[in-house]
Each structure stands twice: as structure tokens, then as C-alpha cells.
Amino acid sequence: KKISKFEINLKSKIKRKKMAQILDGLKISNEIKQEIKAEVDKIKASGKRIPHLSAILVGNNGASKAYVNSKVKDCAEVGFESSLYKFPSTASEAELLEKIEELNNDPNVDGFIVQLPLPKQMDQEKIIMAINPRKDVDGFHPENFGRMALEMDTFLPATPFGILTLLERYNIETKGKHCVIIGRSRIVGRPMSILMGRKDFPGNSTVTLTHSYTPHIEEFTKNADIVITALGDPHFLKGEMIKDGAVVIDVGITRVEDNTEKGYHLAGDVDFDSCAEKASWITPVPGGVGPMTRAMLMKNTLLAYKHTIYKD
Ligand code: NAP
């Protein structure tokens with residue numbers, strides 16, 4: 001039977017109506033924060049010391065300030081104690097190392113973070129190495145990174161931890177799937193590639209880690225069951241680059257200037273509209289990976305408090 005143009009149009013319209021389901025990071029992160037708060041309430045009721053997260057902020061970077069402030073706010077929300085140490089951008093490496101040593105030795109501080117990036121006069125590696133791995137709730141210390149790679153208990157970096165938790169709570173099958181990751185940063189892409197390939201759930205995927213030297217990236221993404229974008233290039237991943245039914249996770253957050261009162265909006269690495277027509281599951285920006293990242297720092301602080309990772 002010959003199919004009319006009208007029928008073809010109708011069919012494609014119906015097909016187009018099929019939209020991906022949302023991996024709702026805002027909802028899940030709120031659930032996680034409530035779970036943490038319930039534990040803190042119990043700790044308080046028993047009269048014990050409550051968990052305490054400290055943060056070190058160096059300089060005046062607007063985004064860094066906003067990140068640190070939101071961490072302090074999250075602490076208040078879940079009932080943690082928090083403390084913030086601010087240094088001018090001219091501070092010396094020695095001053096920072098001294099504060100780190102103080103926090104390492106403070107029995108009332110369970111975990112702390114040094115907000116990155118640091119000013120040029122500071123050696124980032126040296127600073128991260130100075131943090132006691134037992135208090136490294138960002139999971140950036142090489143000891144914790146190594147433990148992660150060896151599938152030992154560790155503090156997972158907050159963004160990959162958030163993505164794993166999202167996949168877990170939505171019960172997304174990852175076993176035997178092909179996962180393509182775009183971006184190989186130390187804090188997102190590379191740890192994510194290790195975690196998706198681990199022998200656990202979520203994990204057991206076959207992983208391809210792509211980056212700026214990967215030619216014809218669409219040839220990888222088109223064959224992926226799961227695509228995780230962490231490159232920082234707004235709307236990079238288009239619908240035509242993924243296969244039907246793919247799971248799409250968007251880590252990207254880029255400030256794009258516009259004519260709104262704020263002067264900018266946040267854009268992900270995924271072209272949401274075209275990808276949502278083909279994907280089975282997709283994270284929005286904002287409201288996807290971002291809030292999960294914030295919640296997992298709280299989770300890591302609770303794990304540090306309870307000595308779940310390092311038992312003694
Ligand atoms: P990053 O350090 O900026 O590195 C970007 C990575 O993407 C690099 O590995 C780079 O390759 C790769 N890349 C850049 N352009 C590419 C292209 N056209 N094709 C393929 N690969 C490309 O990355 P990041 O710190 O992981 O941040 C990535 C994005 O995620 C940013 O938008 C950031 O704001 C956002 N982010 C969000 C959260 C959250 O909580 N949602 C957390 C952290 C970061 P090379 O290695 O070859 O240079």
C-alpha cells in the first residue's frame with residue numbers, strides 16, 4: 001500500500017511527540033537532603049556533636065563565591081555546622097597550608113573543601129595533597145582517587161557521585177551498556193569513566209572517554225546507550241548525534257549572556273529540545289546534575305562524620 005505524504009507527516013509528528021522522561025535532580029537531591037537531615041536530627045536528639053563542614057575560599061572569583069555560599073546554605077538546610085575561611089587573592093601558599101593543617105587536626109571538623117580554582121601563586125597539587133584524605137570530602141586527593149580506581153570505599157567526587165545516585169534512584173540499567181563520556185576533567189569526565197566501568201551498579205558499562213582530540217565524536221555518541229556530556233560547550237550534543245532511546249546526562253553549566261534582567265542564563269552541553277525527542281531519559285539544566293552535586297557534598301560530610309569510608 002502506498003503511504004500518502006499526509007500519513008508520513010502524521011507519523012513523524014506522533015513520533016516527535018515521544019519525549020524523554022526527566023531525570024529530576026532537584027527532586028532526588030531534596031530527597032537526599034531530607035534523608036541526611038533526618039540522620040542529623042537523630043544525632044542532635046542523642047546529644048552528640050553534629051557534623052561539621054569547613055570551606056576555604058581564596059580570592060574574589062564570583063562563581064567560586066556563589067558555590068561556597070551555596071555549600072554553607074546547604075549545611076544549614078541539613079542541620080550541619082559549617083565554617084568558612086576567606087583569604088585574599090594575594091594570600092601566600094604557606095598561609096593556606098597552615099589553615100589546612102589546622103583543619104586536618106581539628107577534631108570538630110569532619111571534612112573540608114578548598115574551593116578551586118586557586119590564584120596563580122599557589123600550587124594546586126600541593127594544596128590538595130596537604131588535605132588529610134580522611135577529611136577530603138571533595139574526593140580530589142590522589143589517595144581517594146586511587147581508592148576509587150581500585151573500587152575501594154572512598155569519597156567520590158561530588159558530581160560523579162551525584163550522577164551515579166541519579167542513575168541508581170531511577171533504576172537506569174547500566175550493565176552491558178555502552179557509555180560515552182565527553183570531557184576528561186579530573187573532577188567529572190575522568191572519574192565518571194572509571195565509575196561507569198566499575199564492577200557494580202551503576203557501572204558495568206563499556207566506556208568510551210572522549211575529549212577535544214576525538215575526531216568525529218558523533219560516531220561514538222550515535223552508538224552510545226548512555227551519553228554523559230561534561231565539556232562546557234552550550235548545546236554541543238544535538239538530537240542527530242544520539243540514538244533512539246539513549247540516556248542523556250548533561251553536566252555542563254555555562255553562563256550565556258542574554259537580554260534578561262540577570263544578564264545571562266545557564267546553558268547545558270546538551271541541546272535539550274532535539275535530544276529529548278529521541279532520548280529515553282534526560283537531565284535538564286538547571287535542575288539536573290547541579291543540585292545532585294551539591295547534595296553529594298553533604299552526603300560525603302556525613303560519611304566522614306560516621307567514619308564510613310575510613311573506619312577508624
Ligand atoms: P574542563 O576542565 O573545562 O574540561 C573540559 C573537557 O572537555 C576537557 O577534557 C576537554 O578536552 C573537553 N572538551 C572541550 N571541548 C570539547 C569538544 N568540542 N569536544 C570534545 N571534548 C571537548 O571540564 P569540567 O570542569 O569537567 O567542566 C565541564 C562543564 O561541566 C562546565 O560547563 C562546568 O561548568 C560544568 N560542571 C558542572 C558541574 C555540576 O555540578 N553540574 C560540576 C562541575 C563542572 P581536553 O582534555 O582535550 O582539553
# chains A, B, ... in the order shown; residues from 1 in each chain; ligands from 1
>>> closest_atom_pairs(of="chain A", to="ligand 1", cutoff="8 Å", atoms="only C-alpha atoms and all ligand atoms", output="tab-separated table")
residue	atom	partner	partner_atom_place_in_ligand_line	distance
A:Ala158	CA	ligand 1	40 (O)	7.7
A:Thr159	CA	ligand 1	40 (O)	5.3
A:Ile182	CA	ligand 1	21 (N)	5.3
A:Gly183	CA	ligand 1	7 (O)	3.4
A:Arg184	CA	ligand 1	9 (O)	3.7
A:Ser185	CA	ligand 1	2 (O)	4.5
A:Arg186	CA	ligand 1	26 (O)	7.0
A:Ile187	CA	ligand 1	26 (O)	5.8
A:Val188	CA	ligand 1	26 (O)	4.6
A:Gly189	CA	ligand 1	26 (O)	5.8
A:Thr210	CA	ligand 1	21 (N)	6.1
A:His211	CA	ligand 1	21 (N)	3.5
A:Ser212	CA	ligand 1	21 (N)	3.7
A:Tyr213	CA	ligand 1	47 (O)	5.5
A:Thr214	CA	ligand 1	20 (C)	6.4
A:Ile217	CA	ligand 1	20 (C)	7.1
A:Thr229	CA	ligand 1	30 (O)	7.7
A:Ala230	CA	ligand 1	28 (C)	4.1
A:Leu231	CA	ligand 1	7 (O)	3.4
A:Gly232	CA	ligand 1	32 (O)	3.2
A:Asp233	CA	ligand 1	15 (N)	6.5
A:Pro234	CA	ligand 1	32 (O)	7.9
A:Phe236	CA	ligand 1	18 (N)	7.5
A:Asp250	CA	ligand 1	41 (N)	7.6
A:Val251	CA	ligand 1	41 (N)	4.5
A:Gly252	CA	ligand 1	32 (O)	3.6
A:Ile253	CA	ligand 1	32 (O)	3.9
A:Thr254	CA	ligand 1	32 (O)	4.9
A:Gly268	CA	ligand 1	32 (O)	6.9
A:Asp269	CA	ligand 1	32 (O)	7.1
A:Gly288	CA	ligand 1	41 (N)	7.4
A:Val289	CA	ligand 1	41 (N)	4.6
A:Gly290	CA	ligand 1	41 (N)	3.7
A:Pro291	CA	ligand 1	40 (O)	6.9
A:Met292	CA	ligand 1	40 (O)	7.1
A:Thr293	CA	ligand 1	40 (O)	4.8
A:Arg294	CA	ligand 1	40 (O)	7.1
>>> residues_around(residues="A:Glu102", least_positions_apart="5", cutoff="12 Å", atoms="only C-alpha atoms", output="VMD selection string")
chain A and resid 54 56 85 95 to 97 107 to 109 112 130 to 132
>>> residues_around(residues="A:Leu23", least_positions_apart="5", cutoff="7 Å", atoms="only C-alpha atoms", output="ChimeraX atom specification")
/A:281-283,288
>>> write_last_selection(atoms="N, CA and C atoms", output="JSON list (two decimals), in the first residue's frame")
[["chain", "number", "residue", "atom", "x", "y", "z"],
["A", 281, "TRP", "N", 15.69, 8.97, 28.62],
["A", 281, "TRP", "CA", 15.84, 9.73, 29.86],
["A", 281, "TRP", "C", 16.81, 10.87, 29.62],
["A", 282, "ILE", "N", 16.56, 11.99, 30.27],
["A", 282, "ILE", "CA", 17.44, 13.14, 30.07],
["A", 282, "ILE", "C", 17.45, 14.01, 31.32],
["A", 283, "THR", "N", 18.61, 14.63, 31.59],
["A", 283, "THR", "CA", 18.67, 15.58, 32.73],
["A", 283, "THR", "C", 18.48, 17.00, 32.19],
["A", 288, "GLY", "N", 19.23, 19.39, 37.07],
["A", 288, "GLY", "CA", 19.66, 18.01, 36.83],
["A", 288, "GLY", "C", 20.85, 17.65, 37.71]]
>>> residues_around(residues="stretch 26-40 of chain A", least_positions_apart="3", cutoff="7 Å", atoms="only C-alpha atoms", output="list in words")
Ile43, Lys44, Ile50, Val78, Gly79, Gly287, Gly288, Pro291, Met292 and Ala295 of chain A
>>> closest_residue(among="A:Thr221, A:Thr308, A:Ser64, A:Ser83", to="A:Cys275", atoms="only C-alpha atoms")
A:Thr221
>>> closest_residue(among="A:Val270, A:Ser46, A:Gln124, A:Ser82", to="A:Val58", atoms="only C-alpha atoms")
A:Gln124
>>> residues_around(residues="A:Leu53", least_positions_apart="2", cutoff="10 Å", atoms="only C-alpha atoms", output="list in words")
Pro51, Ala55, Lys71, Val72, Cys75, Phe80, Glu81, Ser82, Ser83, Leu84, Asn108, Val109, Asp110, Gly111, Phe112, Ile113, Lys135, Val137, Leu297, Met298, Asn300, Thr301, Leu302, Ala304 and Tyr305 of chain A
